[in-house]
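> Input protein_38.cif, format and content: mmCIF, C-alpha atoms and all ligand atoms.
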data_model
loop_
_atom_site.label_atom_id
_atom_site.label_comp_id
_atom_site.auth_asym_id
_atom_site.auth_seq_id
_atom_site.Cartn_x
_atom_site.Cartn_y
_atom_site.Cartn_z
CA MET C 1 0.00 0.00 0.00
CA ALA C 2 1.32 3.45 -0.91
CA LYS C 3 2.51 5.49 2.05
CA GLU C 4 0.19 8.39 2.87
CA TYR C 5 1.61 11.73 1.80
CA ARG C 6 2.17 14.18 4.67
CA HIS C 7 0.93 17.65 3.83
CA SER C 8 1.96 20.96 5.33
CA VAL C 9 -1.23 22.68 4.10
CA SER C 10 -4.13 22.07 6.45
CA LEU C 11 -7.51 23.45 7.51
CA ASP C 12 -8.53 25.16 10.72
CA ARG C 13 -12.14 23.91 10.88
CA ASP C 14 -13.21 26.48 13.44
CA ARG C 15 -12.31 29.34 11.12
CA CYS C 16 -13.80 27.79 7.99
CA LYS C 17 -17.12 29.34 6.92
CA GLY C 18 -17.69 27.05 3.94
CA CYS C 19 -17.61 30.07 1.62
CA THR C 20 -16.30 28.00 -1.37
CA HIS C 21 -13.47 30.40 -2.34
CA CYS C 22 -10.90 27.63 -2.00
CA LEU C 23 -13.18 25.05 -3.62
CA ARG C 24 -13.33 27.15 -6.77
CA ARG C 25 -9.61 27.92 -6.95
CA CYS C 26 -7.88 24.65 -6.04
CA PRO C 27 -6.16 23.74 -9.34
CA VAL C 28 -6.46 19.99 -8.82
CA GLU C 29 -10.01 19.79 -7.45
CA ALA C 30 -8.77 18.52 -4.09
CA ILE C 31 -11.33 20.39 -1.98
CA ARG C 32 -14.92 19.52 -1.14
CA ILE C 33 -17.32 21.26 1.23
CA HIS C 34 -19.26 19.00 3.57
CA ASP C 35 -21.50 20.12 6.43
CA GLY C 36 -20.44 23.71 5.79
CA LYS C 37 -16.73 23.03 6.16
CA ALA C 38 -13.96 22.54 3.61
CA ARG C 39 -12.18 19.22 3.43
CA ILE C 40 -8.88 18.55 1.62
CA ASN C 41 -8.43 15.26 -0.18
CA SER C 42 -4.92 14.30 0.84
CA ASN C 43 -4.39 12.05 -2.19
CA ARG C 44 -5.07 14.88 -4.59
CA CYS C 45 -3.51 17.89 -2.83
CA ILE C 46 -0.21 19.10 -4.30
CA ASP C 47 0.52 21.67 -1.55
CA CYS C 48 0.50 24.56 -4.00
CA GLY C 49 -0.80 26.90 -1.28
CA VAL C 50 -3.40 28.59 -3.53
CA CYS C 51 -6.13 27.89 -0.95
CA ILE C 52 -4.09 29.66 1.75
CA ASP C 53 -3.86 32.69 -0.45
CA VAL C 54 -7.53 32.87 -1.40
CA CYS C 55 -9.20 32.04 1.93
CA PRO C 56 -10.73 35.29 3.26
CA HIS C 57 -11.06 33.78 6.75
CA LYS C 58 -7.48 32.55 7.19
CA ALA C 59 -8.79 29.02 7.66
CA LYS C 60 -6.03 27.40 5.61
CA LYS C 61 -2.54 27.34 7.03
CA ALA C 62 0.88 25.90 6.32
CA THR C 63 2.77 24.19 9.11
CA SER C 64 6.52 24.32 9.60
CA ASP C 65 9.05 23.94 12.43
CA LYS C 66 9.94 26.76 14.80
CA LEU C 67 13.27 28.50 15.38
CA ALA C 68 13.30 27.31 19.01
CA ASP C 69 13.44 23.70 17.70
CA ILE C 70 17.08 24.18 16.71
CA LYS C 71 17.97 23.82 20.40
CA ARG C 72 17.33 20.08 20.03
CA PHE C 73 20.67 19.76 18.23
CA LYS C 74 24.25 20.28 19.40
CA TYR C 75 25.24 21.86 16.10
CA THR C 76 22.98 23.45 13.49
CA VAL C 77 23.47 24.48 9.89
CA ALA C 78 21.04 26.89 8.20
CA LEU C 79 20.26 26.31 4.52
CA PRO C 80 18.80 29.59 3.22
CA ALA C 81 16.89 29.38 -0.06
CA PRO C 82 18.10 32.09 -2.50
CA SER C 83 14.66 33.72 -2.42
CA LEU C 84 15.49 34.82 1.16
CA TYR C 85 17.95 37.40 -0.20
CA GLY C 86 15.15 39.13 -2.13
CA GLN C 87 13.21 39.84 1.08
CA PHE C 88 15.53 42.64 2.24
CA ASP C 89 15.70 46.15 0.91
CA ASN C 90 19.05 47.64 -0.18
CA LEU C 91 20.94 44.38 0.28
CA ASP C 92 24.24 44.62 -1.56
CA ASP C 93 26.01 41.71 0.08
CA ILE C 94 24.59 38.24 0.85
CA ASP C 95 26.90 38.04 3.86
CA TYR C 96 24.68 40.43 5.83
CA VAL C 97 21.95 37.79 5.72
CA LEU C 98 24.29 34.87 6.37
CA GLN C 99 25.95 36.65 9.31
CA GLY C 100 22.43 37.39 10.61
CA LEU C 101 21.64 33.66 10.56
CA LEU C 102 24.80 32.92 12.56
CA ASP C 103 23.83 35.65 15.03
CA LEU C 104 20.39 34.05 15.36
CA GLY C 105 22.05 30.95 16.79
CA PHE C 106 23.04 28.76 13.85
CA ASP C 107 26.59 27.38 13.96
CA ASP C 108 27.08 27.38 10.21
CA VAL C 109 25.30 28.24 6.96
CA TYR C 110 25.32 26.48 3.62
CA GLU C 111 23.56 28.35 0.83
CA VAL C 112 21.09 26.39 -1.29
CA SER C 113 22.21 28.61 -4.17
CA ARG C 114 25.68 26.98 -4.02
CA ALA C 115 24.09 23.60 -4.60
CA ALA C 116 21.91 25.16 -7.33
CA GLU C 117 25.09 26.06 -9.22
CA VAL C 118 26.21 22.43 -8.92
CA VAL C 119 22.82 21.25 -10.24
CA SER C 120 23.12 23.66 -13.19
CA GLY C 121 26.48 22.04 -14.11
CA LEU C 122 25.06 18.51 -13.74
CA THR C 123 21.99 19.41 -15.83
CA ARG C 124 24.23 20.69 -18.64
CA ILE C 125 25.97 17.30 -18.63
CA TYR C 126 22.63 15.44 -18.57
CA LEU C 127 21.22 17.47 -21.47
CA SER C 128 24.22 16.62 -23.63
CA ARG C 129 23.19 12.94 -23.62
CA ASP C 130 21.36 11.47 -26.65
CA ASP C 131 19.62 8.64 -24.81
CA ILE C 132 17.27 10.73 -22.69
CA GLU C 133 13.62 11.74 -22.97
CA LYS C 134 13.30 15.42 -24.02
CA PRO C 135 12.17 17.98 -23.18
CA VAL C 136 13.63 17.46 -19.73
CA ILE C 137 11.43 18.93 -16.98
CA SER C 138 13.04 20.52 -13.94
CA SER C 139 12.75 18.61 -10.65
CA ALA C 140 13.24 21.68 -8.43
CA CYS C 141 9.60 22.59 -7.68
CA PRO C 142 7.98 19.79 -5.63
CA VAL C 143 4.49 20.95 -6.61
CA ILE C 144 5.28 20.22 -10.26
CA VAL C 145 6.87 16.85 -9.55
CA ARG C 146 3.86 15.78 -7.48
CA LEU C 147 1.42 17.12 -10.07
CA ILE C 148 3.13 15.13 -12.83
CA SER C 149 3.23 11.99 -10.69
CA LEU C 150 -0.54 12.24 -10.09
CA ARG C 151 -1.75 13.27 -13.52
CA TYR C 152 0.75 12.83 -16.33
CA PRO C 153 2.03 9.24 -16.58
CA TYR C 154 3.83 9.88 -19.86
CA LEU C 155 5.80 12.81 -18.47
CA CYS C 156 7.24 11.06 -15.40
CA GLU C 157 10.23 9.96 -17.46
CA ASN C 158 10.93 13.53 -18.57
CA ILE C 159 11.65 14.76 -15.04
CA LEU C 160 15.31 15.59 -14.47
CA PRO C 161 16.74 12.66 -12.46
CA ILE C 162 19.06 14.92 -10.45
CA GLN C 163 18.36 15.82 -6.86
CA PRO C 164 17.02 19.32 -6.29
CA PRO C 165 19.51 21.87 -4.85
CA VAL C 166 18.05 21.70 -1.35
CA ASP C 167 18.94 18.00 -1.04
CA ILE C 168 22.46 18.45 -2.36
CA ALA C 169 22.99 21.44 -0.06
CA ALA C 170 21.81 19.37 2.93
CA HIS C 171 24.11 16.50 2.07
CA ARG C 172 27.12 18.77 1.64
CA ALA C 173 26.31 20.75 4.79
CA ARG C 174 26.22 17.57 6.89
CA GLU C 175 29.48 16.29 5.37
CA ARG C 176 31.17 19.62 6.10
CA ALA C 177 29.90 19.68 9.69
CA LEU C 178 31.21 16.16 10.32
CA GLU C 179 34.57 17.03 8.78
CA LYS C 180 34.93 20.21 10.84
CA HIS C 181 33.74 18.53 14.02
CA PRO C 182 34.74 14.86 14.13
CA GLU C 183 33.62 14.74 17.77
CA LEU C 184 29.98 15.10 16.61
CA THR C 185 27.72 12.30 15.40
CA SER C 186 25.28 12.78 12.57
CA GLU C 187 22.39 12.86 15.11
CA ASP C 188 24.02 15.83 16.88
CA ILE C 189 23.75 17.89 13.70
CA GLY C 190 20.55 19.68 12.74
CA ILE C 191 20.25 20.71 9.09
CA VAL C 192 17.64 23.45 8.88
CA PHE C 193 16.13 24.62 5.62
CA ILE C 194 14.58 28.09 5.41
CA SER C 195 11.72 27.55 3.01
CA PRO C 196 9.78 29.94 0.78
CA CYS C 197 6.80 27.58 0.37
CA PRO C 198 4.71 24.85 2.03
CA ALA C 199 5.36 22.39 -0.80
CA LYS C 200 9.04 22.21 0.13
CA VAL C 201 8.07 21.57 3.75
CA SER C 202 5.92 18.61 2.64
CA TYR C 203 8.58 17.37 0.22
CA ILE C 204 11.18 17.28 2.99
CA LYS C 205 8.88 15.78 5.63
CA ASN C 206 7.97 12.94 3.26
CA GLY C 207 11.58 12.11 2.39
CA SER C 208 12.54 11.04 -1.11
CA ASP C 209 13.33 7.74 -2.82
CA GLY C 210 11.98 5.97 0.26
CA LYS C 211 14.63 7.56 2.48
CA LYS C 212 14.37 10.13 5.24
CA SER C 213 15.53 13.55 4.14
CA ASP C 214 18.94 14.86 5.24
CA ILE C 215 17.06 17.95 6.44
CA ASP C 216 15.92 17.83 10.06
CA LEU C 217 13.85 21.01 10.34
CA VAL C 218 12.11 23.33 7.92
CA LEU C 219 11.46 26.92 8.98
CA SER C 220 9.12 29.26 7.19
CA MET C 221 10.87 32.29 5.69
CA SER C 222 8.09 34.55 6.97
CA ASP C 223 8.40 33.12 10.51
CA ILE C 224 12.08 33.98 10.89
CA TYR C 225 12.06 37.17 8.83
CA PHE C 226 11.59 39.65 11.70
CA ASP C 227 14.01 37.81 14.02
CA LEU C 228 16.57 37.95 11.26
CA LEU C 229 15.91 41.59 10.49
CA ASP C 230 16.47 42.39 14.18
CA VAL C 231 19.95 40.86 14.27
CA MET C 232 21.15 41.96 10.84
CA LYS C 233 23.61 44.68 11.79
CA MET C 234 24.91 45.53 8.37
CA GLU C 235 28.40 44.75 9.67
CA LEU C 236 30.50 42.15 7.97
CA SER C 237 33.08 39.74 9.33
CA SER C 238 36.52 39.84 7.72
CA GLU C 239 36.11 36.39 6.11
CA PRO C 240 33.55 36.11 3.27
CA ILE C 241 30.75 33.66 4.10
CA SER C 242 28.84 33.47 0.82
CA HIS C 243 30.07 31.30 -2.03
CA THR C 244 27.37 31.99 -4.57
CA GLY C 245 27.38 33.63 -7.95
CA MET C 246 24.70 35.06 -10.21
CA ILE C 247 23.64 31.61 -11.38
CA GLY C 248 22.74 30.35 -7.91
CA VAL C 249 20.85 33.50 -6.94
CA SER C 250 18.95 33.47 -10.25
CA TRP C 251 17.28 30.18 -9.30
CA ALA C 252 15.03 32.20 -6.95
CA SER C 253 12.91 33.50 -9.82
CA THR C 254 11.45 32.09 -13.00
CA GLY C 255 13.90 31.52 -15.83
CA GLY C 256 16.94 31.49 -13.56
CA GLU C 257 17.43 27.75 -13.59
CA ALA C 258 16.85 27.45 -17.35
CA SER C 259 19.10 30.34 -18.35
CA ALA C 260 22.02 28.76 -16.45
CA LEU C 261 22.02 25.92 -18.99
CA PHE C 262 23.49 28.18 -21.72
CA ASN C 263 21.06 26.60 -24.15
CA ASP C 264 18.28 28.70 -25.62
CA LYS C 265 15.96 25.75 -26.36
CA TYR C 266 14.02 26.17 -23.15
CA LEU C 267 10.67 27.30 -21.82
CA ALA C 268 10.14 28.75 -18.35
CA ALA C 269 6.65 29.22 -16.94
CA ASP C 270 5.21 30.12 -13.56
CA GLY C 271 1.83 30.25 -11.82
CA ILE C 272 0.01 26.96 -11.33
CA GLU C 273 -2.67 27.62 -13.96
CA ASN C 274 -0.08 28.46 -16.64
CA VAL C 275 1.98 25.47 -15.63
CA ILE C 276 -0.99 23.10 -16.03
CA ARG C 277 -1.62 24.54 -19.52
CA VAL C 278 2.04 23.96 -20.45
CA LEU C 279 1.96 20.39 -19.09
CA GLU C 280 -1.19 19.65 -21.11
CA GLN C 281 0.61 20.84 -24.23
CA ILE C 282 3.78 18.83 -23.59
CA ASP C 283 1.58 15.80 -22.88
CA ASN C 284 -0.01 16.35 -26.29
CA GLY C 285 3.39 16.25 -27.94
CA ASN C 286 3.86 19.99 -28.47
CA PHE C 287 7.31 21.59 -28.03
CA PRO C 288 9.38 18.65 -29.41
CA TYR C 289 12.13 21.16 -30.30
CA LEU C 290 12.63 22.21 -26.68
CA GLU C 291 15.37 20.67 -24.53
CA PHE C 292 14.41 21.95 -21.10
CA ILE C 293 11.23 23.05 -19.35
CA GLU C 294 11.40 24.99 -16.10
CA LEU C 295 8.06 25.13 -14.29
CA ASN C 296 7.36 26.93 -11.03
CA ALA C 297 3.99 26.65 -9.29
CA CYS C 298 4.27 30.08 -7.67
CA ASN C 299 3.94 33.36 -9.53
CA GLY C 300 7.40 34.66 -10.32
CA GLY C 301 9.07 31.43 -9.10
CA CYS C 302 10.21 30.72 -5.52
CA VAL C 303 10.16 34.46 -4.71
CA GLY C 304 6.36 34.10 -5.00
CA GLY C 305 6.19 31.29 -2.41
CA MET C 306 3.44 31.45 0.21
CA MET C 307 6.03 31.66 3.01
CA THR C 308 7.87 34.72 1.72
CA VAL C 309 7.08 38.22 2.96
CA GLU C 310 7.79 40.42 -0.03
CA ASN C 311 5.86 40.87 -3.27
CA PRO C 312 7.52 38.49 -5.79
CA TYR C 313 8.18 41.18 -8.37
CA ILE C 314 9.84 43.49 -5.84
CA ALA C 315 11.92 40.57 -4.55
CA LYS C 316 12.95 39.75 -8.10
CA ALA C 317 13.99 43.34 -8.77
CA ARG C 318 16.09 43.34 -5.60
CA LEU C 319 17.85 40.14 -6.63
CA GLN C 320 18.54 41.72 -9.99
CA THR C 321 20.42 44.52 -8.21
CA LEU C 322 22.18 42.11 -5.86
CA LYS C 323 23.44 40.02 -8.79
CA ARG C 324 25.35 43.02 -10.14
CA TYR C 325 27.90 42.51 -7.35
CA LEU C 326 28.38 38.79 -7.96
CA PRO C 327 30.61 36.66 -10.20
CA VAL C 328 28.82 34.39 -12.72
CA SER C 329 29.25 31.34 -10.51
CA GLU C 330 31.35 30.28 -7.54
CA ASN C 331 30.70 26.58 -8.03
CA TRP C 332 32.00 25.32 -11.34
CA ASP C 333 32.42 21.72 -10.11
CA PHE C 334 31.05 20.28 -13.36
CA ARG C 335 32.16 22.87 -15.87
CA ASP C 336 32.41 22.17 -19.61
CA ASP C 337 32.78 18.43 -19.27
CA SER C 338 29.93 16.96 -21.23
CA ASN C 339 31.44 13.46 -21.02
CA ALA C 340 31.56 13.48 -17.25
CA GLU C 341 29.49 10.94 -15.36
CA ILE C 342 26.91 12.34 -12.96
CA PRO C 343 27.95 11.08 -9.52
CA GLU C 344 25.47 8.53 -8.21
CA LYS C 345 24.98 10.45 -4.95
CA TYR C 346 23.41 13.35 -6.87
CA LEU C 347 20.95 11.23 -8.83
CA SER C 348 17.34 10.83 -7.75
CA GLY C 349 15.12 7.80 -8.25
CA PRO C 350 12.46 7.63 -10.97
CA VAL C 351 9.21 9.51 -10.46
CA GLU C 352 6.38 7.00 -10.33
CA TYR C 353 2.88 7.57 -11.61
CA ALA C 354 0.38 7.38 -8.76
CA PRO C 355 -3.08 8.06 -10.23
CA VAL C 356 -5.71 9.52 -7.93
CA SER C 357 -8.66 9.45 -10.24
CA ALA C 358 -8.65 5.75 -11.21
CA LEU C 359 -12.24 4.51 -10.95
CA SER C 360 -11.38 0.84 -10.58
CA SER C 361 -8.46 -1.50 -11.22
CA ASN C 362 -10.90 -3.66 -13.20
CA MET C 363 -11.19 -2.29 -16.75
CA SER C 364 -14.84 -3.20 -17.41
CA GLU C 365 -15.88 -1.89 -13.99
CA ALA C 366 -13.99 1.35 -14.67
CA MET C 367 -15.72 1.70 -18.07
CA ALA C 368 -19.14 1.14 -16.48
CA LYS C 369 -18.42 3.77 -13.84
CA MET C 370 -17.19 6.18 -16.49
CA SER C 371 -20.42 5.87 -18.49
CA ARG C 372 -22.44 6.36 -15.27
CA ILE C 373 -20.46 9.58 -14.63
CA GLN C 374 -21.29 10.78 -18.16
CA GLU C 375 -24.99 9.96 -17.63
CA ILE C 376 -25.17 11.82 -14.32
CA HIS C 377 -23.19 14.74 -15.74
CA LYS C 378 -25.73 15.10 -18.56
CA MET C 379 -28.54 15.36 -15.99
CA LEU C 380 -26.79 18.18 -14.10
CA PRO C 381 -27.17 21.87 -15.03
CA ASP C 382 -23.41 22.22 -15.82
CA ILE C 383 -23.11 25.63 -14.21
CA ASP C 384 -20.46 24.65 -11.62
CA CYS C 385 -22.26 26.57 -8.88
CA GLY C 386 -20.45 24.74 -6.05
CA PHE C 387 -23.56 24.53 -3.82
CA CYS C 388 -23.24 20.75 -3.73
CA GLY C 389 -19.76 21.04 -2.22
CA SER C 390 -17.91 19.82 -5.34
CA PRO C 391 -15.98 22.29 -7.52
CA THR C 392 -17.69 21.40 -10.81
CA CYS C 393 -20.73 19.47 -11.99
CA TYR C 394 -18.40 16.89 -13.54
CA CYS C 395 -16.57 16.41 -10.20
CA PHE C 396 -19.94 16.07 -8.48
CA ALA C 397 -20.96 13.32 -10.93
CA GLU C 398 -17.65 11.58 -10.19
CA ASP C 399 -18.20 11.95 -6.44
CA VAL C 400 -21.69 10.44 -6.74
CA VAL C 401 -20.36 7.43 -8.64
CA LYS C 402 -17.50 7.01 -6.18
CA GLY C 403 -20.03 7.10 -3.34
CA SER C 404 -18.74 10.23 -1.61
CA ALA C 405 -21.76 12.39 -2.57
CA ASP C 406 -25.48 11.89 -2.97
CA ILE C 407 -27.30 13.12 -6.06
CA SER C 408 -29.83 14.96 -3.84
CA GLU C 409 -27.00 17.26 -2.68
CA CYS C 410 -27.41 19.07 -6.02
CA ILE C 411 -30.05 21.70 -5.32
CA PHE C 412 -31.28 21.56 -8.92
CA MET C 413 -31.74 17.80 -8.77
CA LEU C 414 -33.42 18.14 -5.41
CA ARG C 415 -35.77 20.82 -6.72
CA GLU C 416 -36.61 18.64 -9.71
CA LYS C 417 -37.27 15.68 -7.43
CA MET C 418 -39.53 17.77 -5.21
CA GLN C 419 -41.45 19.21 -8.15
CA LYS C 420 -41.94 15.70 -9.51
CA ALA C 421 -43.16 14.45 -6.14
CA ALA C 422 -45.56 17.44 -5.82
CA LYS C 423 -46.98 16.75 -9.28
CA GLU C 424 -47.45 13.07 -8.48
CA GLU C 425 -49.22 14.00 -5.25
CA GLN C 426 -51.48 16.42 -7.12
CA HIS C 427 -52.24 13.72 -9.65
CA GLU C 428 -53.16 11.24 -6.93
CA ASP C 429 -55.49 13.81 -5.24
CA GLN C 430 -57.46 14.38 -8.44
S1 LIG Z 501 -12.02 29.68 1.48
FE1 LIG Z 501 -12.29 27.48 1.94
S2 LIG Z 501 -11.24 27.21 3.93
FE2 LIG Z 501 -11.58 29.41 3.69
S3 LIG Z 501 -13.55 29.76 4.76
FE3 LIG Z 501 -14.00 29.47 2.57
S4 LIG Z 501 -14.48 27.24 2.40
FE4 LIG Z 501 -13.42 27.54 4.39
S1 LIG Z 502 -2.76 23.39 -1.32
FE1 LIG Z 502 -3.32 23.62 -3.48
S2 LIG Z 502 -3.79 21.52 -4.13
FE2 LIG Z 502 -3.86 21.51 -1.88
S3 LIG Z 502 -6.00 21.88 -1.38
FE3 LIG Z 502 -4.96 23.89 -1.37
S4 LIG Z 502 -5.29 24.69 -3.45
FE4 LIG Z 502 -5.74 22.48 -3.53
#
Output the file's structure as structure tokens, nothing else.

Amino acid sequence: MAKEYRHSVSLDRDRCKGCTHCLRRCPVEAIRIHDGKARINSNRCIDCGVCIDVCPHKAKKATSDKLADIKRFKYTVALPAPSLYGQFDNLDDIDYVLQGLLDLGFDDVYEVSRAAEVVSGLTRIYLSRDDIEKPVISSACPVIVRLISLRYPYLCENILPIQPPVDIAAHRARERALEKHPELTSEDIGIVFISPCPAKVSYIKNGSDGKKSDIDLVLSMSDIYFDLLDVMKMELSSEPISHTGMIGVSWASTGGEASALFNDKYLAADGIENVIRVLEQIDNGNFPYLEFIELNACNGGCVGGMMTVENPYIAKARLQTLKRYLPVSENWDFRDDSNAEIPEKYLSGPVEYAPVSALSSNMSEAMAKMSRIQEIHKMLPDIDCGFCGSPTCYCFAEDVVKGSADISECIFMLREKMQKAAKEEQHEDQ
């Protein structure tokens, strides 16, 4: 049996008013309203965070660890996502942020953007191979990877089989901590990712390739922002801390990952609705001339994550300015060597298709259910009013056939039934 996916997006039932805002906007139809309260279908949810954004009653929330949790470890390493640098005004040196993290209590920092530069080099090597499925789709946004695994069986093979930067950063950070401090055990070390979005929290909490993640805690960027701002003194230590160039920082916004491939046969899209449209087109065989597809669920890329504090476009503009002071890259580990082998430790396992909408494992039963769905759908008004608690009339028909809704929950069907009953009664009285 497949392991249940742990989500960081959840509902506060007491706050929920059943207003249907989230029901209408969830891009994967994961929400239903029952008894006046929203309910998230865990098998369908991709942790995109759209429902958090649109809920007027703050009934949807994203969970993450707290800064105080770092005390559980003898030695902690912070892994800041590059989008963190775009949250601060007038930042002309990344070290102000990194020094701030050390002053907050971390013993070391390892920038995710460093690992991103390594992934850019490895992706260039991967793309030079002739035996791979193209276009290759980035594996960096966990919303996209989960979406493909649930809905697009033929695209699973196109996902880049290289670990996302956050995993490589975590691995390297732990190795460095153990090297610097041989007296510590791996359990003494806490690797702490500072995340821009709930999807990365879920991704890390679920582990990958059947293994526990190397990351022990995930903090929300918005949770630590003010603490960090308080300790950032705008004074620098004599030794540089950052080892990131323009390439690594560019990963924070859309197009950054793709442009680091030095190959113009790419497409970069953001925003979950646009991304779904692009995936539909790739699934239909469009874009055969493209080599790489970068897709980000959030508007503007990771700078638009639900756990950031700044408007994504302002954050992007700030990063633009910050990049002026940086070299192209500080991590050329896999430069210009298209024949190099990708080290095994950086590879990720295949993405497996895990359908959520299968009606039955028995083909004839599935066909029968499908035609029942079509029949019920034809009877419905097809106005997607949401009063029944399903996002569309088609979803409602599906829910009825799957047994999770009753046809009388459609107010139009109920009205029709009542009118019919009244007529029959009248007829009997005459
Ligand atoms: S948007 Fe969804 S979670 Fe928020 S109050 Fe309305 S139904 Fe409840
Ligand atoms: S997080 Fe996204 S996929 Fe999950 S219920 Fe909310 S809107 Fe739907």
> Can you pull out the residues contacting Ile33 in chain C? Cut-off 10 Å, using all atoms listed in the file, and skip same-chain residues under 5 positions away; I want them as a list in words.
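Listing them by chain and then by number gives Lys17, Gly18, Cys19, Thr20, Cys22, Leu23, Ala38, Arg39, Ile40, Gly386, Phe387, Cys388, Gly389, Ser390 and Pro391 of chain C.
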> For the selection just defined, write its residues with C-alpha atoms to a file, as a compact mmCIF listing (two decimals), keeping the file's coordinate frame.

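Contents of the output file selection39.txt:
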# COMPACT_ATOMS: atom_id res chain seq x y z
CA LYS C 17 -17.12 29.34 6.92
CA GLY C 18 -17.69 27.05 3.94
CA CYS C 19 -17.61 30.07 1.62
CA THR C 20 -16.30 28.00 -1.37
CA CYS C 22 -10.90 27.63 -2.00
CA LEU C 23 -13.18 25.05 -3.62
CA ALA C 38 -13.96 22.54 3.61
CA ARG C 39 -12.18 19.22 3.43
CA ILE C 40 -8.88 18.55 1.62
CA GLY C 386 -20.45 24.74 -6.05
CA PHE C 387 -23.56 24.53 -3.82
CA CYS C 388 -23.24 20.75 -3.73
CA GLY C 389 -19.76 21.04 -2.22
CA SER C 390 -17.91 19.82 -5.34
CA PRO C 391 -15.98 22.29 -7.52
> Rank nothing, just name the residue among C:Ile293, C:Tyr353, C:Ala78, C:Gly248 nearest to Val119 in chain C, using all atoms listed in the file.
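Smallest separation from Val119 in chain C among the options: C:Gly248.
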> Just want the residues within 7 Å of ligand LIG 502 (chain Z), written as an MDAnalysis selection string, counting only C-alpha atoms and all ligand atoms.
chainID C and resid 9 22 25:31 40 44:52
> With distances taken over all atoms listed in the file, which residue among C:Ser83, C:Ser138, C:Thr63, C:Thr392 lies nearest Glu294 in chain C?
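When distances to Glu294 in chain C are compared using all atoms listed in the file, the smallest one comes from C:Ser138.
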> One decimal, in Å: what's the spacing between CA of Val112 in chain C and CA of Ser42 in chain C?
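One can read the CA of Val112 in chain C to CA of Ser42 in chain C distance as 28.8 Å.
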> Within 12 Å of range 370-374 of chain C, counting all atoms listed in the file, which residues qualify if same-chain residues fewer than 4 places away don't, as a count of residues only?
24
> Please, can range 415-427 of chain C be completed to N, CA and C atoms and returned as a PDB file, in the coordinates of the input?

ATOM      1  N   ARG C 415     -34.577  20.049  -6.351  1.00  0.00           N
ATOM      2  CA  ARG C 415     -35.770  20.820  -6.720  1.00  0.00           C
ATOM      3  C   ARG C 415     -36.625  20.026  -7.717  1.00  0.00           C
ATOM      4  N   GLU C 416     -35.915  19.433  -8.694  1.00  0.00           N
ATOM      5  CA  GLU C 416     -36.610  18.640  -9.710  1.00  0.00           C
ATOM      6  C   GLU C 416     -37.370  17.482  -9.067  1.00  0.00           C
ATOM      7  N   LYS C 417     -36.678  16.839  -8.113  1.00  0.00           N
ATOM      8  CA  LYS C 417     -37.270  15.680  -7.430  1.00  0.00           C
ATOM      9  C   LYS C 417     -38.520  16.120  -6.651  1.00  0.00           C
ATOM     10  N   MET C 418     -38.408  17.290  -6.008  1.00  0.00           N
ATOM     11  CA  MET C 418     -39.530  17.770  -5.210  1.00  0.00           C
ATOM     12  C   MET C 418     -40.704  18.165  -6.087  1.00  0.00           C
ATOM     13  N   GLN C 419     -40.368  18.813  -7.227  1.00  0.00           N
ATOM     14  CA  GLN C 419     -41.450  19.210  -8.150  1.00  0.00           C
ATOM     15  C   GLN C 419     -42.180  17.979  -8.675  1.00  0.00           C
ATOM     16  N   LYS C 420     -41.365  16.939  -8.985  1.00  0.00           N
ATOM     17  CA  LYS C 420     -41.940  15.700  -9.510  1.00  0.00           C
ATOM     18  C   LYS C 420     -42.859  15.070  -8.462  1.00  0.00           C
ATOM     19  N   ALA C 421     -42.370  15.057  -7.232  1.00  0.00           N
ATOM     20  CA  ALA C 421     -43.160  14.450  -6.140  1.00  0.00           C
ATOM     21  C   ALA C 421     -44.455  15.228  -5.928  1.00  0.00           C
ATOM     22  N   ALA C 422     -44.367  16.600  -6.018  1.00  0.00           N
ATOM     23  CA  ALA C 422     -45.560  17.440  -5.820  1.00  0.00           C
ATOM     24  C   ALA C 422     -46.585  17.164  -6.909  1.00  0.00           C
ATOM     25  N   LYS C 423     -46.084  17.012  -8.151  1.00  0.00           N
ATOM     26  CA  LYS C 423     -46.980  16.750  -9.280  1.00  0.00           C
ATOM     27  C   LYS C 423     -47.684  15.411  -9.101  1.00  0.00           C
ATOM     28  N   GLU C 424     -46.893  14.413  -8.667  1.00  0.00           N
ATOM     29  CA  GLU C 424     -47.450  13.070  -8.480  1.00  0.00           C
ATOM     30  C   GLU C 424     -48.532  13.103  -7.402  1.00  0.00           C
ATOM     31  N   GLU C 425     -48.268  13.881  -6.354  1.00  0.00           N
ATOM     32  CA  GLU C 425     -49.220  14.000  -5.250  1.00  0.00           C
ATOM     33  C   GLU C 425     -50.532  14.635  -5.738  1.00  0.00           C
ATOM     34  N   GLN C 426     -50.328  15.719  -6.540  1.00  0.00           N
ATOM     35  CA  GLN C 426     -51.480  16.420  -7.120  1.00  0.00           C
ATOM     36  C   GLN C 426     -52.328  15.468  -7.939  1.00  0.00           C
ATOM     37  N   HIS C 427     -51.609  14.678  -8.753  1.00  0.00           N
ATOM     38  CA  HIS C 427     -52.240  13.720  -9.650  1.00  0.00           C
ATOM     39  C   HIS C 427     -53.067  12.698  -8.858  1.00  0.00           C
TER      40      HIS C 427
END
